[in-house]
Amino acid sequence: MKVTNLPITPIVAIIISKLLGIIFASLVFGISFEFNGILSLFGLGNLDNQTDMILLSSYSDLFMFTFISLILVISLMMHSKNEKKQISKEDLDKYLTSNQKNITLVANKLYGSALHWLISIWLTNLYVLFNTLTGKTYLWIYLLVLMLTVSLTLYFYYDLKREIHLAKTKVFNNDL
C-alpha cells in the first residue's frame with residue numbers, strides 16, 4: 001500500500017501547506033511570526049498587529065488551498081491520461097440496482113485517492129470559510145476558494161458520470 005492512498009495524507013498535506021503558506025507569506029510581506037506549535041499555526045494568535053494577522057492568514061489560506069487543489073488536479077490528470085480501472089460488472093450491477101445509487105463506491109474504484117483529495121478540498125474550504133467569518137481571511141479569497149471548489153467538484157462529478165455511462169455502454173455491448 002502506498003502512502004498516498006492513505007486517507008491521512010490529505011490532512012497532513014493541509015497542515016504542511018498551511019505552515020509553508022505562513023512561511024511564504026511572512027517572507028513576502030516581511031512579517032515576523034513565531035511558530036509556537038501546531039495550534040498557533042491555525043490560530044495565528046501570537047501576532048500583535050491585527051492587519052498583519054489578517055494578511056498572513058489570508059495568503060497562507062490561499063497557498064494552502066492552491067497546494068491541495070494542485071494535488072487534486074494532478075491526481076485527476078493522472079487518472080484521465082491512464083485508462084481508469086475498469087468497473088467490474090458486479091460493482092456496476094450494485095450501483096444500477098441500489099435505490100441510493102452509492103456513487104462514492106464507484107468513485108473510489110475509478111479514481112482511488114482523488115476522492116480523498118476532493119474531500120480535503122471541501123475541508124479546506126470549510127476552514128477558509130471559518131477564517132472568513134471570524135475576520136481572519138479576506139472575503140475575496142473565500143469567494144475564489146468557493147468558486148474553485150465548486151468547479152473542481154463539478155468536473156469530478158461529470159467525469160465520474162461519463163465513466164459510469166461508458167461502463168454501462170460496455171455492459172450493453174458485452175465488452176465488460
# chains A, B, ... in the order shown; residues from 1 in each chain; ligands from 1
$ residues_around --residues "Phe24 of chain A" --least-positions-apart "4" --cutoff "8 Å" --atoms "only C-alpha atoms" --output "PyMOL selection string"
chain A and resi 20+28+60
$ write_last_selection --atoms "N, CA and C atoms" --output "mmCIF file, in the first residue's frame"
data_model
loop_
_atom_site.group_PDB
_atom_site.id
_atom_site.type_symbol
_atom_site.label_atom_id
_atom_site.label_comp_id
_atom_site.auth_asym_id
_atom_site.auth_seq_id
_atom_site.Cartn_x
_atom_site.Cartn_y
_atom_site.Cartn_z
ATOM 1 N N LEU A 20 3.790 26.045 5.263
ATOM 2 C CA LEU A 20 4.553 26.624 4.153
ATOM 3 C C LEU A 20 3.942 27.938 3.687
ATOM 4 N N VAL A 28 7.357 37.092 2.063
ATOM 5 C CA VAL A 28 6.969 38.029 1.006
ATOM 6 C C VAL A 28 6.566 39.383 1.586
ATOM 7 N N SER A 60 -1.834 32.687 3.550
ATOM 8 C CA SER A 60 -1.473 31.298 3.868
ATOM 9 C C SER A 60 -2.650 30.369 3.566
#
$ atom_distance --atom1 "atom CA of Lys18 of chain A" --atom2 "atom CA of Ile31 of chain A"
15.7 Å
$ closest_residue --among "A:Ser120, A:Ser57, A:Thr66, A:Thr137" --to "Ile22 of chain A" --atoms "only C-alpha atoms"
A:Ser57
$ closest_residue --among "A:Leu72, A:Ile121, A:Ala25, A:Ile54" --to "Lys136 of chain A" --atoms "only C-alpha atoms"
A:Ile54
$ closest_residue --among "A:Leu19, A:Met78, A:Met53, A:Val12" --to "Asn131 of chain A" --atoms "only C-alpha atoms"
A:Met53
